[in-house]
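Asker: The following file, structure.csv, comprises CSV, C-alpha atoms:
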```csv
chain,number,residue,atom,x,y,z
M,1,MET,CA,81.7,-11.5,-31.3
M,2,PHE,CA,78.6,-9.4,-31.9
M,3,SER,CA,78.6,-5.8,-31.1
M,4,ILE,CA,75.7,-4.3,-29.2
M,5,LYS,CA,74.5,-2.5,-32.4
M,6,GLN,CA,74.5,-5.8,-34.3
M,7,PHE,CA,72.6,-7.5,-31.5
M,8,VAL,CA,70.0,-4.8,-31.3
M,9,PHE,CA,69.7,-4.8,-35.1
M,10,VAL,CA,69.1,-8.6,-35.2
M,11,LEU,CA,66.4,-8.3,-32.5
M,12,PHE,CA,64.7,-5.5,-34.4
M,13,ILE,CA,64.6,-7.6,-37.6
M,14,ILE,CA,63.2,-10.6,-35.7
M,15,ALA,CA,60.5,-8.4,-34.0
M,16,ALA,CA,59.6,-6.7,-37.3
M,17,LEU,CA,59.2,-10.1,-39.2
M,18,SER,CA,57.2,-11.9,-36.5
M,19,PRO,CA,53.5,-12.0,-37.5
M,20,VAL,CA,51.1,-11.2,-34.7
M,21,ALA,CA,47.5,-11.6,-35.5
M,22,SER,CA,46.1,-9.0,-33.2
M,23,ILE,CA,48.4,-6.4,-34.5
M,24,SER,CA,47.9,-7.5,-38.1
M,25,ALA,CA,44.1,-7.3,-37.8
M,26,GLN,CA,44.1,-3.9,-36.2
M,27,SER,CA,46.7,-2.2,-38.4
M,28,GLY,CA,45.2,-3.0,-41.8
M,29,ASN,CA,47.4,-6.0,-42.6
M,30,LEU,CA,44.5,-8.3,-42.6
M,31,PRO,CA,45.0,-12.0,-42.8
M,32,GLY,CA,44.1,-13.4,-46.2
M,33,GLN,CA,45.0,-12.7,-49.8
M,34,ILE,CA,42.9,-13.3,-53.0
M,35,ILE,CA,44.6,-15.1,-55.9
M,36,THR,CA,43.3,-16.9,-58.9
M,37,ALA,CA,42.2,-20.5,-58.4
M,38,GLN,CA,44.7,-21.6,-61.0
M,39,HIS,CA,47.6,-19.8,-59.2
M,40,ALA,CA,46.5,-21.5,-55.9
M,41,ASN,CA,46.7,-24.9,-57.6
M,42,GLN,CA,50.2,-24.1,-58.8
M,43,VAL,CA,51.5,-22.7,-55.5
M,44,PHE,CA,49.7,-24.8,-52.9
M,45,GLY,CA,49.2,-28.0,-54.9
M,46,PRO,CA,46.1,-30.1,-55.4
M,47,VAL,CA,43.1,-30.2,-53.2
M,48,LEU,CA,43.2,-33.3,-50.9
M,49,GLN,CA,39.9,-32.8,-49.2
M,50,SER,CA,37.1,-30.2,-49.6
M,51,HIS,CA,33.7,-29.2,-48.3
M,52,THR,CA,31.2,-27.1,-50.3
M,53,PHE,CA,29.3,-24.4,-48.3
M,54,ASN,CA,26.4,-22.2,-49.4
M,55,LYS,CA,27.7,-18.7,-50.3
M,56,LYS,CA,24.6,-17.0,-48.9
M,57,MET,CA,25.0,-18.7,-45.5
M,58,LEU,CA,28.6,-17.6,-45.4
M,59,MET,CA,27.6,-14.0,-46.3
M,60,ASN,CA,25.1,-14.1,-43.4
M,61,ILE,CA,27.8,-15.3,-41.0
M,62,THR,CA,30.1,-12.5,-42.0
M,63,LYS,CA,27.3,-9.9,-41.3
M,64,ASN,CA,27.3,-11.0,-37.7
M,65,VAL,CA,31.1,-11.0,-37.2
M,66,SER,CA,33.2,-7.8,-37.3
M,67,ASP,CA,36.8,-9.0,-37.4
M,68,VAL,CA,37.9,-12.5,-38.3
M,69,LEU,CA,36.5,-16.0,-39.0
M,70,LEU,CA,38.4,-19.2,-38.4
M,71,PHE,CA,38.0,-22.3,-40.6
M,72,ASN,CA,39.0,-25.9,-40.6
M,73,LEU,CA,37.9,-29.3,-41.9
M,74,VAL,CA,37.5,-31.6,-38.9
M,75,ASP,CA,36.8,-35.3,-39.8
M,76,GLY,CA,35.6,-34.1,-43.2
M,77,GLU,CA,33.2,-31.5,-41.9
M,78,LEU,CA,33.5,-27.8,-42.1
M,79,VAL,CA,33.9,-25.9,-38.8
M,80,ILE,CA,33.7,-22.1,-38.5
M,81,LEU,CA,34.6,-20.2,-35.4
M,82,ASP,CA,34.5,-16.5,-34.5
M,83,GLY,CA,37.6,-14.5,-33.5
M,84,LYS,CA,37.2,-15.6,-29.9
M,85,ARG,CA,37.2,-19.3,-31.0
M,86,LYS,CA,33.4,-19.8,-30.3
M,87,PRO,CA,31.7,-22.2,-32.7
M,88,ILE,CA,29.5,-20.6,-35.4
M,89,HIS,CA,29.0,-23.7,-37.6
M,90,PRO,CA,28.1,-26.1,-36.3
M,91,ARG,CA,27.1,-24.3,-33.1
M,92,ASN,CA,27.6,-27.5,-31.0
M,93,PHE,CA,31.2,-28.1,-32.0
M,94,GLN,CA,33.5,-28.7,-29.1
M,95,VAL,CA,36.8,-26.7,-29.7
M,96,THR,CA,39.9,-27.8,-27.8
M,97,PRO,CA,42.5,-25.1,-27.0
M,98,ASP,CA,45.2,-26.7,-29.1
M,99,GLN,CA,43.0,-27.3,-32.2
M,100,GLU,CA,44.5,-25.3,-35.1
M,101,PHE,CA,42.3,-23.1,-37.3
M,102,HIS,CA,42.9,-20.9,-40.3
M,103,MET,CA,42.1,-17.2,-39.6
M,104,TYR,CA,40.8,-14.9,-42.3
M,105,ALA,CA,39.7,-11.3,-42.0
M,106,VAL,CA,35.9,-10.9,-42.6
M,107,GLN,CA,36.7,-8.1,-45.0
M,108,LYS,CA,38.9,-10.4,-47.2
M,109,ILE,CA,36.1,-13.1,-47.1
M,110,ASN,CA,33.6,-10.5,-48.3
M,111,ASP,CA,35.9,-9.4,-51.0
M,112,LEU,CA,36.2,-13.0,-52.2
M,113,LEU,CA,32.4,-13.5,-52.1
M,114,ASN,CA,31.8,-10.3,-54.0
M,115,LEU,CA,34.0,-11.4,-56.9
M,116,THR,CA,31.7,-14.1,-58.2
M,117,ASP,CA,28.1,-14.9,-58.8
M,118,ALA,CA,28.7,-18.5,-57.8
M,119,LYS,CA,26.2,-20.1,-55.3
M,120,THR,CA,28.8,-21.9,-53.2
M,121,VAL,CA,32.3,-21.6,-51.6
M,122,THR,CA,34.6,-24.6,-51.4
M,123,VAL,CA,36.8,-24.9,-48.4
M,124,GLU,CA,39.8,-26.9,-49.5
M,125,LEU,CA,42.5,-28.7,-47.5
M,126,ARG,CA,45.7,-28.9,-49.5
M,127,GLN,CA,49.2,-30.3,-49.0
M,128,ARG,CA,51.2,-29.2,-45.9
M,129,GLY,CA,48.0,-28.4,-44.0
M,130,ILE,CA,47.1,-25.3,-46.2
M,131,LEU,CA,43.4,-24.4,-46.2
M,132,THR,CA,41.9,-22.3,-48.9
M,133,LEU,CA,38.5,-20.8,-49.7
M,134,THR,CA,37.6,-20.9,-53.4
M,135,THR,CA,34.7,-19.6,-55.5
M,136,HIS,CA,34.1,-20.1,-59.2
M,137,ASP,CA,32.7,-17.5,-61.5
M,138,GLY,CA,29.7,-19.7,-62.2
M,139,ASN,CA,29.9,-19.2,-65.9
M,140,PHE,CA,31.6,-22.5,-67.0
M,141,ASN,CA,30.3,-25.5,-68.7
M,142,GLY,CA,29.4,-28.5,-66.6
M,143,ASN,CA,32.0,-30.6,-68.5
M,144,GLN,CA,35.0,-28.6,-67.4
M,145,THR,CA,37.0,-29.9,-64.4
M,146,PHE,CA,37.3,-28.2,-61.1
M,147,LYS,CA,40.8,-26.9,-61.9
M,148,GLU,CA,39.9,-25.6,-65.4
M,149,ALA,CA,36.9,-23.7,-64.2
M,150,GLY,CA,39.0,-20.8,-62.8
M,151,GLY,CA,37.7,-18.6,-60.1
M,152,TRP,CA,39.2,-17.0,-57.0
M,153,THR,CA,40.9,-18.4,-54.0
M,154,LEU,CA,41.5,-16.9,-50.5
M,155,GLU,CA,44.7,-18.0,-48.8
M,156,PHE,CA,47.6,-16.7,-46.7
M,157,ALA,CA,45.7,-17.2,-43.4
M,158,LEU,CA,47.2,-16.9,-40.0
M,159,LEU,CA,47.1,-20.1,-37.9
M,160,CYS,CA,45.3,-19.9,-34.5
M,161,PRO,CA,47.0,-21.0,-32.4
M,162,PRO,CA,49.6,-19.6,-32.1
M,163,TYR,CA,48.3,-16.3,-33.6
M,164,CYS,CA,44.8,-15.8,-32.1
M,165,LEU,CA,42.9,-12.7,-31.3
M,166,ASP,CA,42.5,-12.5,-27.5
```
Kindly return the structure encoded in the file as structure tokens.
Answerer:
Amino acid sequence: MFSIKQFVFVLFIIAALSPVASISAQSGNLPGQIITAQHANQVFGPVLQSHTFNKKMLMNITKNVSDVLLFNLVDGELVILDGKRKPIHPRNFQVTPDQEFHMYAVQKINDLLNLTDAKTVTVELRQRGILTLTTHDGNFNGNQTFKEAGGWTLEFALLCPPYCLD
């Protein structure tokens, strides 16, 4: 049988390892991590579906949002929500409460956008429902494939729900 000390220790470990978006965003553990595009392909597998978005438009969106943005590809179209799950792009999108989105800190998105002179950002849906944002350095020949071009990828999002900012 477990002693009280063991039981409390197990509860402490479970609580310490449970990711909570609102705590993460406020404490500096912001959702999202930038890795190379090549590493993203190795870790998360090939891109199954993608949508290219204008980098300047995304930069303008981040200027008007202070905390997080939520992304998903819905029926092949890019949908972006603010931290309160209100549609930003397209504005008329009807969000259902159980619809899952991938949450990234605006600071991490801006870090990604500032790494490259590319004109676009590609939102990519990968195996196991993983969604990544990828930019390329813009300095590759047109005959190189998407994977060979290199660049940077933002991943390690929090899923909303269950981890939403309320």
Asker: Name the residues in contact with M:Gln49 at a cut-off of 12 Å, using all atoms listed in the file, excluding same-chain residues fewer than 3 positions from it; report them as a list in words.
Answerer: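 Once the adjacent positions are removed, what remains is Gly45, Pro46, Thr52, Asn72, Leu73, Val74, Asp75, Gly76, Glu77, Leu78, Thr122, Val123, Glu124, Leu125, Arg126, Gln127, Gly129, Ile130, Leu131 and Thr132 of chain M.
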Asker: Which of these, M:Val68, M:Leu81, M:Cys164, M:Ala157, has the shortest distance to M:Asn110 once you count only C-alpha atoms?
Answerer: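 That would be M:Val68, the residue with the smallest distance to M:Asn110.
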Asker: Just give me the gap between atom CA of M:Val121 and atom CA of M:Asn92 in Å, one decimal is fine.
Answerer: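 Atom CA of M:Asn92 lies at a distance of 21.9 Å from atom CA of M:Val121.
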Asker: Distance atom CA of M:Asp166-atom CA of M:Ser50, one decimal place?
Answerer: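 Distance between the two atoms: 28.8 Å.
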Asker: Extract, using only C-alpha atoms, all DNA, RNA and protein residues at most 9 Å from M:Tyr104, discarding same-chain residues fewer than 6 positions from it, and format them as a ChimeraX atom specification.
Answerer: /M:30-33,67-71,154-158
Asker: Suppose you want the space between atom CA of M:Ala40 and atom CA of M:Val106; what is it in Å?
Answerer: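 Going from atom CA of M:Ala40 over to atom CA of M:Val106, I get 20.0 Å.
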Asker: Of the candidates M:Trp152, M:Lys63, M:Lys86, M:Phe93, which shows the shortest atom-to-atom distance to M:Asp117, using all atoms listed in the file?
Answerer: M:Trp152
Asker: Considering all atoms listed in the file, return as a PyMOL selection string whatever protein or nucleic-acid residues lie within 12 Å of M:Met57, sequence-local ones (same chain, fewer than 3 positions apart) excluded.
Answerer: chain M and resi 52-54+60-64+80+88-89+113+119-121
Asker: Return the single residue from M:Lys108, M:Pro162, M:Ala118, M:Arg128 that is closest to M:Ile34, with distances computed using only C-alpha atoms.
Answerer: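 Looking only at the distances to M:Ile34, the closest residue turns out to be M:Lys108.
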Asker: Kindly provide, as number ranges by chain, the polymer residues lying within 6 Å of (42.0, -22.7, -55.7), counting all atoms listed in the file and using the coordinates exactly as they appear in the file.
Answerer: M: 37, 40-41, 134, 153
Asker: Identify which of the residues M:Ser66, M:Val79, M:Ile35, M:Leu133 lies closest to M:Ala105, counting all atoms listed in the file when measuring atom-to-atom distances.
Answerer: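 Using all atoms listed in the file, the shortest distance to M:Ala105 belongs to M:Ser66.
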Asker: Go through M:Ile109, M:Leu115, M:Val65, M:Met103 one by one, measure the shortest atom-to-atom distance of each to M:Thr36 using only C-alpha atoms, and give the residue with the smallest value.
Answerer: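 Closest to M:Thr36, using only C-alpha atoms: M:Leu115.
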Asker: Could you rebuild stretch 103-125 of chain M with N, CA and C atoms and give it back as an mmCIF file, keeping the file's coordinate frame?
Answerer:
```cif
data_model
loop_
_atom_site.group_PDB
_atom_site.id
_atom_site.type_symbol
_atom_site.label_atom_id
_atom_site.label_comp_id
_atom_site.auth_asym_id
_atom_site.auth_seq_id
_atom_site.Cartn_x
_atom_site.Cartn_y
_atom_site.Cartn_z
ATOM 1 N N MET M 103 42.779 -18.481 -39.874
ATOM 2 C CA MET M 103 42.100 -17.200 -39.600
ATOM 3 C C MET M 103 42.155 -16.310 -40.867
ATOM 4 N N TYR M 104 40.971 -15.832 -41.251
ATOM 5 C CA TYR M 104 40.800 -14.900 -42.300
ATOM 6 C C TYR M 104 40.059 -13.661 -41.863
ATOM 7 N N ALA M 105 40.440 -12.484 -42.337
ATOM 8 C CA ALA M 105 39.700 -11.300 -42.000
ATOM 9 C C ALA M 105 38.339 -11.334 -42.740
ATOM 10 N N VAL M 106 37.286 -10.919 -42.043
ATOM 11 C CA VAL M 106 35.900 -10.900 -42.600
ATOM 12 C C VAL M 106 35.930 -10.028 -43.878
ATOM 13 N N GLN M 107 36.665 -8.931 -43.847
ATOM 14 C CA GLN M 107 36.700 -8.100 -45.000
ATOM 15 C C GLN M 107 37.260 -8.802 -46.243
ATOM 16 N N LYS M 108 38.293 -9.630 -46.051
ATOM 17 C CA LYS M 108 38.900 -10.400 -47.200
ATOM 18 C C LYS M 108 37.878 -11.474 -47.644
ATOM 19 N N ILE M 109 37.149 -12.092 -46.711
ATOM 20 C CA ILE M 109 36.100 -13.100 -47.100
ATOM 21 C C ILE M 109 35.064 -12.424 -47.938
ATOM 22 N N ASN M 110 34.598 -11.251 -47.501
ATOM 23 C CA ASN M 110 33.600 -10.500 -48.300
ATOM 24 C C ASN M 110 34.089 -10.115 -49.636
ATOM 25 N N ASP M 111 35.351 -9.703 -49.703
ATOM 26 C CA ASP M 111 35.900 -9.400 -51.000
ATOM 27 C C ASP M 111 35.886 -10.571 -51.943
ATOM 28 N N LEU M 112 36.231 -11.740 -51.427
ATOM 29 C CA LEU M 112 36.200 -13.000 -52.200
ATOM 30 C C LEU M 112 34.766 -13.260 -52.695
ATOM 31 N N LEU M 113 33.811 -13.187 -51.781
ATOM 32 C CA LEU M 113 32.400 -13.500 -52.100
ATOM 33 C C LEU M 113 31.829 -12.553 -53.132
ATOM 34 N N ASN M 114 32.295 -11.323 -53.114
ATOM 35 C CA ASN M 114 31.800 -10.300 -54.000
ATOM 36 C C ASN M 114 32.381 -10.402 -55.438
ATOM 37 N N LEU M 115 33.390 -11.233 -55.627
ATOM 38 C CA LEU M 115 34.000 -11.400 -56.900
ATOM 39 C C LEU M 115 33.279 -12.309 -57.880
ATOM 40 N N THR M 116 32.304 -13.025 -57.371
ATOM 41 C CA THR M 116 31.700 -14.100 -58.200
ATOM 42 C C THR M 116 30.184 -14.137 -57.975
ATOM 43 N N ASP M 117 29.508 -14.689 -58.958
ATOM 44 C CA ASP M 117 28.100 -14.900 -58.800
ATOM 45 C C ASP M 117 27.784 -16.397 -58.493
ATOM 46 N N ALA M 118 28.827 -17.126 -58.132
ATOM 47 C CA ALA M 118 28.700 -18.500 -57.800
ATOM 48 C C ALA M 118 27.755 -18.665 -56.553
ATOM 49 N N LYS M 119 27.144 -19.808 -56.411
ATOM 50 C CA LYS M 119 26.200 -20.100 -55.300
ATOM 51 C C LYS M 119 26.907 -20.726 -54.107
ATOM 52 N N THR M 120 28.151 -21.211 -54.315
ATOM 53 C CA THR M 120 28.800 -21.900 -53.200
ATOM 54 C C THR M 120 30.279 -21.446 -53.087
ATOM 55 N N VAL M 121 30.833 -21.780 -51.942
ATOM 56 C CA VAL M 121 32.300 -21.600 -51.600
ATOM 57 C C VAL M 121 32.790 -22.948 -51.257
ATOM 58 N N THR M 122 33.972 -23.276 -51.765
ATOM 59 C CA THR M 122 34.600 -24.600 -51.400
ATOM 60 C C THR M 122 35.747 -24.321 -50.489
ATOM 61 N N VAL M 123 35.670 -24.946 -49.313
ATOM 62 C CA VAL M 123 36.800 -24.900 -48.400
ATOM 63 C C VAL M 123 37.633 -26.106 -48.656
ATOM 64 N N GLU M 124 38.919 -25.835 -48.949
ATOM 65 C CA GLU M 124 39.800 -26.900 -49.500
ATOM 66 C C GLU M 124 41.010 -27.080 -48.565
ATOM 67 N N LEU M 125 41.278 -28.310 -48.255
ATOM 68 C CA LEU M 125 42.500 -28.700 -47.500
ATOM 69 C C LEU M 125 43.502 -29.169 -48.540
#
```
